[in-house]
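Notes for the one structure printed next.
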Amino acid sequence: MPLFLLATVPVSAQTEQDHCDSAKTVTSMKDMQKKTYQLQGVTVTGSKVLRPIKVSPVTTQVLDGKALVDAGYGNLQQALLMETPGLNIQKVGFGNELNMDGLDARHVLFLVDGERMTGDMAGNLDYERFNLHAIDHIEIIKGGSSTLYGSMSSGAVINMITKKTSKPVSIEAGVRWGQMNERNYRNPKKKDFLYMFEKDVDRPNLQTWLSAGLHQGKVTSQTDVCYSSSDAFNLYQKKNDTKTYTAEANGFLNHDVTVTSLLPRPPMGVEGDEHVSMSQKLYYEPFKGLELQADGTGFFMNTYDMIQDLVFTQSKDFSWGTQGKYALKNWFSVTAGLHTDFYYRYKRHERRDERMKVYNSRIMEPFFVLESHCLRGHDLQMGIDGFSDRLTSDRFVNRRMTSRSLKETECYLQDEWTPSDQWMLSLGVRTDFSHQFGFMWMPKIAAKYSVNDHLALRADYSMGYRSPSIKELFFNWDHLGMFMIKGNEYLKPEKNHYFSFGAEYTHGDFFFNGTAYANLFRHKIEGVWRIYDMQYNFEYTNLDNQTLAGLDGLMKWKFLRHWILDASCSYVYVSKENGLQFNTTSPYAATAGLGYSYDNRRNYGLKVNLNTSLMGEKTYDVQDRLTVDGISHKAYFRCKLPAYVLCNLNILQDFGTYLKVSAGVNNLFNYKPKTLGSGLTAFSIPATAGARVYVQMEVKLDALFHK
């Protein structure tokens, strides 16, 4: 079961001698990591400074990558959905869709080792590119983090820290097979005109991976490769669509009006895919104090939909980066580097060796960071980031390949001050200069007070700012006459003020954290469905104001030696816009997990995990047309998607130090969505075909050869 408990080892404020003696500091931190590894006690995301979570002023949830794999999760999307309260991430007919506590992917910043990425439309990424078996741990911070991470992080930051071996040789390999979602074609023949289509949509649910690390003297290498494929399938709705036009949202109505479609709803196709991801990292330390790093990744994916149009989608992504860090004892350090990411998308013909580029995106980010620990009780950090975003697509002007670009320069300063053993303060400010939208500054203050060894209080305020993206400004795309996505060149940057207050309690093997927060947006950029001449348009617009407020709770309890119970819950309130609810999030969500672990210390271990995720009912309004007494009115119907619960069961057997075998069931109670929505609203339902079994095996080759 993935662990998110904050570190429970008491840590006092560092002395001046500690700050000026790097050897002692490093040794102490290594000892801390050994003691709290299973509790994931060290983080960098909240402050960009390596420190135990217990003394961090920012509440951080940490998921252990190894524990996520042991729990039976096959990919990052499934792991986040089942382990993070309030997060909904689904693969639907038009790609991926993410929502977290009322905010979509444009406000949730995904990072790999602290670096940004580019990808699909509307802020979403190809989440398949993230190899779960290459992740050491995942750090999640909800709330505004714009001071350290820029304008994309006004909702949350999800930072995936990848593996870096410390062993002379480390080699792991694994394979996973899962039951197919839906068999569409039994025996496709090569002579069939649609042979490639029939073959591709029924690809096996299969995954293989290899992770190899080498640490020799001053050089460290980490290589990770993963191949995965899955089949496409359909979601079905038994009843016809119904639309309820409420009197609350439509002033011309005296009472609610419900309209039922005369035709059954066609099935909604969920894409299958085949992809491979590769990453390589090299570290070199020529002498004490200097660290050099170079890294690169590659990702290739074919996406197969259920439409028999002789084309499928191809995507590829390449990224590379380099950085150097020089530290003078523990007084100060200087880090400089460059990170780039290139993403391409094509339409590929199934029968001919032809493909057409429809989309490519490039980001480039040079950065410079100066850290100082010389002042007693202060961790100072100053940095400057340059960010360049260039997008070329046929979705801007008349289906012609056209380029658009945005550039920003960002500077930040942060001080984490520890005046006493009880208090810790974090003060920061970030400035953002956009070549298109001008200058903006964002302050932040966070505080933590330790009442005693068991109870601590945290408070946080930050100001956020987000400039419109290229897609929000310039997209103008007609999808086969079904709907349009329209940008708005007159969009204003959105601003938000984030407040939170939380408390955590730790005693023995019990931990609880509760947080209340409010996120106040002005000019929030929102995508709204509207209808013109009987065609839906998805248009970006500025809302006047929007308030998000809520509660988050995390709990973990280890009891009766072998058992662990963890649970989390979230509630979010999203204000309406002139009586209309455009936000598609659920107001409440929860996760729970029960784990049993047994180790007889004779080269055998057993782990059983039962994990559950609950997502509450979703209600929102969609613009439409309604004719009353012969007069056509602009109207809004209310879409309701019912609550659902997903349960996963995994049984893992550990044979010595070299072999793991697990089997389980995803969606244990065979839940299938009964309602897909109305019109074009089916973007936030669980994309599951029902209960599916899987088996998985992982071998540690270095330990096997040694044995």
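By convention in this document, the chains of the structure tokens carry letters A, B, ... by their order, each chain's residues are numbered from 1, and ligands are numbered from 1 in the order they are shown.
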Which polymer residues have any atom within 10 Å of an atom of Arg561 of chain A, counting only C-alpha atoms, with same-chain residues fewer than 5 positions away left out, as an MDAnalysis selection string? chainID A and resid 509 596:598
Per-residue nearest contacts segment 249-310 of chain A to segment 659-680 of chain A, cut-off 10 Å, using only C-alpha atoms, as a Markdown table:
| residue | atom | partner | partner_atom | distance |
| --- | --- | --- | --- | --- |
| A:Ser261 | CA | A:Ser678 | CA | 9.5 |
| A:Arg265 | CA | A:Ser678 | CA | 8.8 |
| A:Pro267 | CA | A:Leu676 | CA | 9.0 |
| A:Met268 | CA | A:Leu676 | CA | 8.0 |
Could you write out the selected residues, including C-alpha atoms, as a PDB file, in the first residue's frame?
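Final output, saved to result_30.pdb:
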ATOM      1  CA  SER A 261     -34.129  11.932 -26.592  1.00  0.00           C
ATOM      2  CA  ARG A 265     -27.213   7.265 -27.334  1.00  0.00           C
ATOM      3  CA  PRO A 267     -21.588   4.054 -27.524  1.00  0.00           C
ATOM      4  CA  MET A 268     -18.605   6.155 -26.496  1.00  0.00           C
TER       5      MET A 268
END
Skipping near chain neighbours, those fewer than 6 positions away, what residues fall within 9 Å of Trp417 of chain A using only C-alpha atoms, listed as a PDB file with all heavy atoms, in the first residue's frame?
ATOM      1  N   ARG A 376      22.442  31.996  10.174  1.00  0.00           N
ATOM      2  CA  ARG A 376      21.904  31.038  11.127  1.00  0.00           C
ATOM      3  C   ARG A 376      20.375  31.005  11.065  1.00  0.00           C
ATOM      4  O   ARG A 376      19.712  32.030  11.170  1.00  0.00           O
ATOM      5  CB  ARG A 376      22.350  31.409  12.540  1.00  0.00           C
ATOM      6  CG  ARG A 376      21.849  30.437  13.597  1.00  0.00           C
ATOM      7  CD  ARG A 376      22.403  30.783  14.954  1.00  0.00           C
ATOM      8  NE  ARG A 376      21.934  29.826  15.947  1.00  0.00           N
ATOM      9  CZ  ARG A 376      22.281  29.851  17.240  1.00  0.00           C
ATOM     10  NH1 ARG A 376      23.107  30.806  17.662  1.00  0.00           N
ATOM     11  NH2 ARG A 376      21.818  28.949  18.069  1.00  0.00           N
ATOM     12  N   GLY A 377      19.839  29.814  10.856  1.00  0.00           N
ATOM     13  CA  GLY A 377      18.394  29.628  10.832  1.00  0.00           C
ATOM     14  C   GLY A 377      17.733  30.018   9.529  1.00  0.00           C
ATOM     15  O   GLY A 377      16.511  29.965   9.433  1.00  0.00           O
ATOM     16  N   HIS A 378      18.508  30.393   8.518  1.00  0.00           N
ATOM     17  CA  HIS A 378      17.929  30.838   7.252  1.00  0.00           C
ATOM     18  C   HIS A 378      18.399  29.941   6.110  1.00  0.00           C
ATOM     19  O   HIS A 378      19.600  29.634   5.999  1.00  0.00           O
ATOM     20  CB  HIS A 378      18.330  32.285   6.936  1.00  0.00           C
ATOM     21  CG  HIS A 378      17.725  33.283   7.854  1.00  0.00           C
ATOM     22  ND1 HIS A 378      16.524  33.908   7.597  1.00  0.00           N
ATOM     23  CD2 HIS A 378      18.170  33.779   9.053  1.00  0.00           C
ATOM     24  CE1 HIS A 378      16.242  34.750   8.587  1.00  0.00           C
ATOM     25  NE2 HIS A 378      17.227  34.683   9.480  1.00  0.00           N
ATOM     26  N   ASP A 379      17.461  29.550   5.263  1.00  0.00           N
ATOM     27  CA  ASP A 379      17.752  28.903   3.986  1.00  0.00           C
ATOM     28  C   ASP A 379      17.258  29.833   2.889  1.00  0.00           C
ATOM     29  O   ASP A 379      16.066  29.906   2.607  1.00  0.00           O
ATOM     30  CB  ASP A 379      17.054  27.541   3.880  1.00  0.00           C
ATOM     31  CG  ASP A 379      17.705  26.491   4.760  1.00  0.00           C
ATOM     32  OD1 ASP A 379      18.945  26.473   4.820  1.00  0.00           O
ATOM     33  OD2 ASP A 379      16.972  25.699   5.385  1.00  0.00           O
ATOM     34  N   LEU A 380      18.193  30.553   2.275  1.00  0.00           N
ATOM     35  CA  LEU A 380      17.848  31.521   1.237  1.00  0.00           C
ATOM     36  C   LEU A 380      17.961  30.875  -0.140  1.00  0.00           C
ATOM     37  O   LEU A 380      18.891  30.092  -0.400  1.00  0.00           O
ATOM     38  CB  LEU A 380      18.773  32.734   1.305  1.00  0.00           C
ATOM     39  CG  LEU A 380      18.582  33.687   2.491  1.00  0.00           C
ATOM     40  CD1 LEU A 380      19.724  34.684   2.546  1.00  0.00           C
ATOM     41  CD2 LEU A 380      17.254  34.414   2.362  1.00  0.00           C
ATOM     42  N   TRP A 423       9.065  27.127  15.751  1.00  0.00           N
ATOM     43  CA  TRP A 423       8.580  27.930  14.637  1.00  0.00           C
ATOM     44  C   TRP A 423       9.419  27.715  13.379  1.00  0.00           C
ATOM     45  O   TRP A 423      10.627  27.541  13.438  1.00  0.00           O
ATOM     46  CB  TRP A 423       8.614  29.419  14.986  1.00  0.00           C
ATOM     47  CG  TRP A 423       7.461  29.867  15.833  1.00  0.00           C
ATOM     48  CD1 TRP A 423       7.450  30.033  17.183  1.00  0.00           C
ATOM     49  CD2 TRP A 423       6.146  30.190  15.364  1.00  0.00           C
ATOM     50  NE1 TRP A 423       6.214  30.449  17.604  1.00  0.00           N
ATOM     51  CE2 TRP A 423       5.380  30.558  16.504  1.00  0.00           C
ATOM     52  CE3 TRP A 423       5.537  30.212  14.120  1.00  0.00           C
ATOM     53  CZ2 TRP A 423       4.056  30.936  16.427  1.00  0.00           C
ATOM     54  CZ3 TRP A 423       4.209  30.587  14.022  1.00  0.00           C
ATOM     55  CH2 TRP A 423       3.475  30.950  15.170  1.00  0.00           C
ATOM     56  N   MET A 424       8.718  27.775  12.244  1.00  0.00           N
ATOM     57  CA  MET A 424       9.384  27.827  10.953  1.00  0.00           C
ATOM     58  C   MET A 424       8.540  28.677  10.026  1.00  0.00           C
ATOM     59  O   MET A 424       7.319  28.505   9.945  1.00  0.00           O
ATOM     60  CB  MET A 424       9.567  26.435  10.362  1.00  0.00           C
ATOM     61  CG  MET A 424      10.364  26.460   9.067  1.00  0.00           C
ATOM     62  SD  MET A 424      10.821  24.826   8.504  1.00  0.00           S
ATOM     63  CE  MET A 424      11.879  25.283   7.124  1.00  0.00           C
ATOM     64  N   LEU A 425       9.176  29.621   9.331  1.00  0.00           N
ATOM     65  CA  LEU A 425       8.483  30.537   8.429  1.00  0.00           C
ATOM     66  C   LEU A 425       9.088  30.440   7.035  1.00  0.00           C
ATOM     67  O   LEU A 425      10.300  30.263   6.880  1.00  0.00           O
ATOM     68  CB  LEU A 425       8.597  31.981   8.932  1.00  0.00           C
ATOM     69  CG  LEU A 425       8.025  32.285  10.312  1.00  0.00           C
ATOM     70  CD1 LEU A 425       8.335  33.721  10.701  1.00  0.00           C
ATOM     71  CD2 LEU A 425       6.527  32.048  10.331  1.00  0.00           C
ATOM     72  N   SER A 426       8.251  30.561   6.046  1.00  0.00           N
ATOM     73  CA  SER A 426       8.694  30.596   4.661  1.00  0.00           C
ATOM     74  C   SER A 426       8.129  31.846   4.009  1.00  0.00           C
ATOM     75  O   SER A 426       6.912  32.031   3.943  1.00  0.00           O
ATOM     76  CB  SER A 426       8.212  29.348   3.908  1.00  0.00           C
ATOM     77  OG  SER A 426       8.597  29.403   2.549  1.00  0.00           O
ATOM     78  N   LEU A 427       9.010  32.728   3.557  1.00  0.00           N
ATOM     79  CA  LEU A 427       8.623  33.986   2.930  1.00  0.00           C
ATOM     80  C   LEU A 427       9.196  34.016   1.519  1.00  0.00           C
ATOM     81  O   LEU A 427      10.372  33.682   1.313  1.00  0.00           O
ATOM     82  CB  LEU A 427       9.152  35.181   3.726  1.00  0.00           C
ATOM     83  CG  LEU A 427       8.790  35.236   5.204  1.00  0.00           C
ATOM     84  CD1 LEU A 427       9.552  36.361   5.891  1.00  0.00           C
ATOM     85  CD2 LEU A 427       7.299  35.439   5.377  1.00  0.00           C
TER      86      LEU A 427
END
Polymer residues at most 7 Å from Gly514 of chain A, only C-alpha atoms, same-chain spacing of 6 or more positions, as a PDB file with N, CA, C and O atoms, in the first residue's frame:
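The resulting file, result11.pdb, is shown below:
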ATOM      1  N   GLY A 502      -3.983  24.294   8.543  1.00  0.00           N
ATOM      2  CA  GLY A 502      -4.035  22.859   8.788  1.00  0.00           C
ATOM      3  C   GLY A 502      -3.399  22.476  10.104  1.00  0.00           C
ATOM      4  O   GLY A 502      -2.663  23.250  10.725  1.00  0.00           O
ATOM      5  N   ALA A 503      -3.697  21.276  10.524  1.00  0.00           N
ATOM      6  CA  ALA A 503      -3.131  20.708  11.743  1.00  0.00           C
ATOM      7  C   ALA A 503      -2.801  19.251  11.482  1.00  0.00           C
ATOM      8  O   ALA A 503      -3.511  18.555  10.744  1.00  0.00           O
ATOM      9  N   GLU A 504      -1.704  18.803  12.079  1.00  0.00           N
ATOM     10  CA  GLU A 504      -1.350  17.390  11.977  1.00  0.00           C
ATOM     11  C   GLU A 504      -1.026  16.846  13.357  1.00  0.00           C
ATOM     12  O   GLU A 504      -0.472  17.546  14.221  1.00  0.00           O
ATOM     13  N   ASP A 552      -9.563  19.028   3.336  1.00  0.00           N
ATOM     14  CA  ASP A 552      -8.828  17.806   3.006  1.00  0.00           C
ATOM     15  C   ASP A 552      -8.424  17.108   4.294  1.00  0.00           C
ATOM     16  O   ASP A 552      -8.039  17.770   5.275  1.00  0.00           O
ATOM     17  N   GLY A 553      -8.494  15.791   4.297  1.00  0.00           N
ATOM     18  CA  GLY A 553      -8.062  15.022   5.452  1.00  0.00           C
ATOM     19  C   GLY A 553      -7.276  13.801   5.027  1.00  0.00           C
ATOM     20  O   GLY A 553      -7.614  13.130   4.046  1.00  0.00           O
ATOM     21  N   LEU A 554      -6.185  13.517   5.741  1.00  0.00           N
ATOM     22  CA  LEU A 554      -5.356  12.334   5.510  1.00  0.00           C
ATOM     23  C   LEU A 554      -5.158  11.618   6.833  1.00  0.00           C
ATOM     24  O   LEU A 554      -4.918  12.248   7.868  1.00  0.00           O
TER      25      LEU A 554
END
Sort by chain and increasing residue number a table of all residues of segment 240-301 of chain A within 9 Å of segment 213-231 of chain A, each with its closest pair of atoms and their distance in Å to one decimal, counting only C-alpha atoms, and write it as JSON lines.
{"residue": "A:Val270", "atom": "CA", "partner": "A:Asp231", "partner_atom": "CA", "distance": 8.9}
{"residue": "A:Glu271", "atom": "CA", "partner": "A:Asp231", "partner_atom": "CA", "distance": 7.4}
{"residue": "A:Gly272", "atom": "CA", "partner": "A:Asp231", "partner_atom": "CA", "distance": 4.4}
{"residue": "A:Asp273", "atom": "CA", "partner": "A:Ser230", "partner_atom": "CA", "distance": 5.4}
{"residue": "A:Glu274", "atom": "CA", "partner": "A:Ser229", "partner_atom": "CA", "distance": 4.1}
{"residue": "A:His275", "atom": "CA", "partner": "A:Ser228", "partner_atom": "CA", "distance": 5.5}
{"residue": "A:Val276", "atom": "CA", "partner": "A:Tyr227", "partner_atom": "CA", "distance": 4.3}
{"residue": "A:Ser277", "atom": "CA", "partner": "A:Cys226", "partner_atom": "CA", "distance": 5.4}
{"residue": "A:Met278", "atom": "CA", "partner": "A:Val225", "partner_atom": "CA", "distance": 4.5}
{"residue": "A:Ser279", "atom": "CA", "partner": "A:Asp224", "partner_atom": "CA", "distance": 5.3}
{"residue": "A:Gln280", "atom": "CA", "partner": "A:Thr223", "partner_atom": "CA", "distance": 4.7}
{"residue": "A:Lys281", "atom": "CA", "partner": "A:Gln222", "partner_atom": "CA", "distance": 5.2}
{"residue": "A:Leu282", "atom": "CA", "partner": "A:Ser221", "partner_atom": "CA", "distance": 4.7}
{"residue": "A:Tyr283", "atom": "CA", "partner": "A:Thr220", "partner_atom": "CA", "distance": 5.0}
{"residue": "A:Tyr284", "atom": "CA", "partner": "A:Val219", "partner_atom": "CA", "distance": 4.7}
{"residue": "A:Glu285", "atom": "CA", "partner": "A:Lys218", "partner_atom": "CA", "distance": 5.1}
{"residue": "A:Pro286", "atom": "CA", "partner": "A:Lys218", "partner_atom": "CA", "distance": 6.4}
{"residue": "A:Phe287", "atom": "CA", "partner": "A:Lys218", "partner_atom": "CA", "distance": 8.2}
Proximity to Phe637 of chain A - best of A:Phe367, A:Phe483, A:Tyr245, A:Phe499, only C-alpha atoms: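 Nearest candidate to Phe637 of chain A out of A:Phe367, A:Phe483, A:Tyr245, A:Phe499: A:Tyr245.
Ranking A:Glu198, A:Glu494, A:Glu472, A:Asp192 by their shortest atom-to-atom distance to Leu520 of chain A, with only C-alpha atoms included, puts A:Glu494 first.
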Which residues are near segment 581-593 of chain A? Cut-off 9 Å, only C-alpha atoms, ignore same chain within fewer than 2 positions. Put them as a ChimeraX atom specification. /A:1,81-88,99-104,526-529,550,564-579,595,609-622,638,643,683-684
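Atom CA of Lys164 of chain A to atom CA of Asn131 of chain A spans 14.3 Å [interatomic distance, one decimal].
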May I have all residues of segment 351-595 of chain A that DSSP, computed from the backbone, assigns to strand (DSSP E or B), given as a ChimeraX atom specification? /A:355-372,378-397,400-417,423-434,438-450,455-466,476-479,483-486,494-507,510-522,525-532,535-542,545-559,563-574,577,580,588-595
Please list as a PyMOL selection string every residue within 12 Å of segment 698-706 of chain A, counting only C-alpha atoms and excluding residues in the same chain fewer than 5 positions away. chain A and resi 66+69-70+72+133+167-176+207-214+652-663
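Nearest residue to His137 of chain A, choosing from A:His633, A:Val201, A:Leu68, A:Leu543 and counting only C-alpha atoms: A:Leu68.
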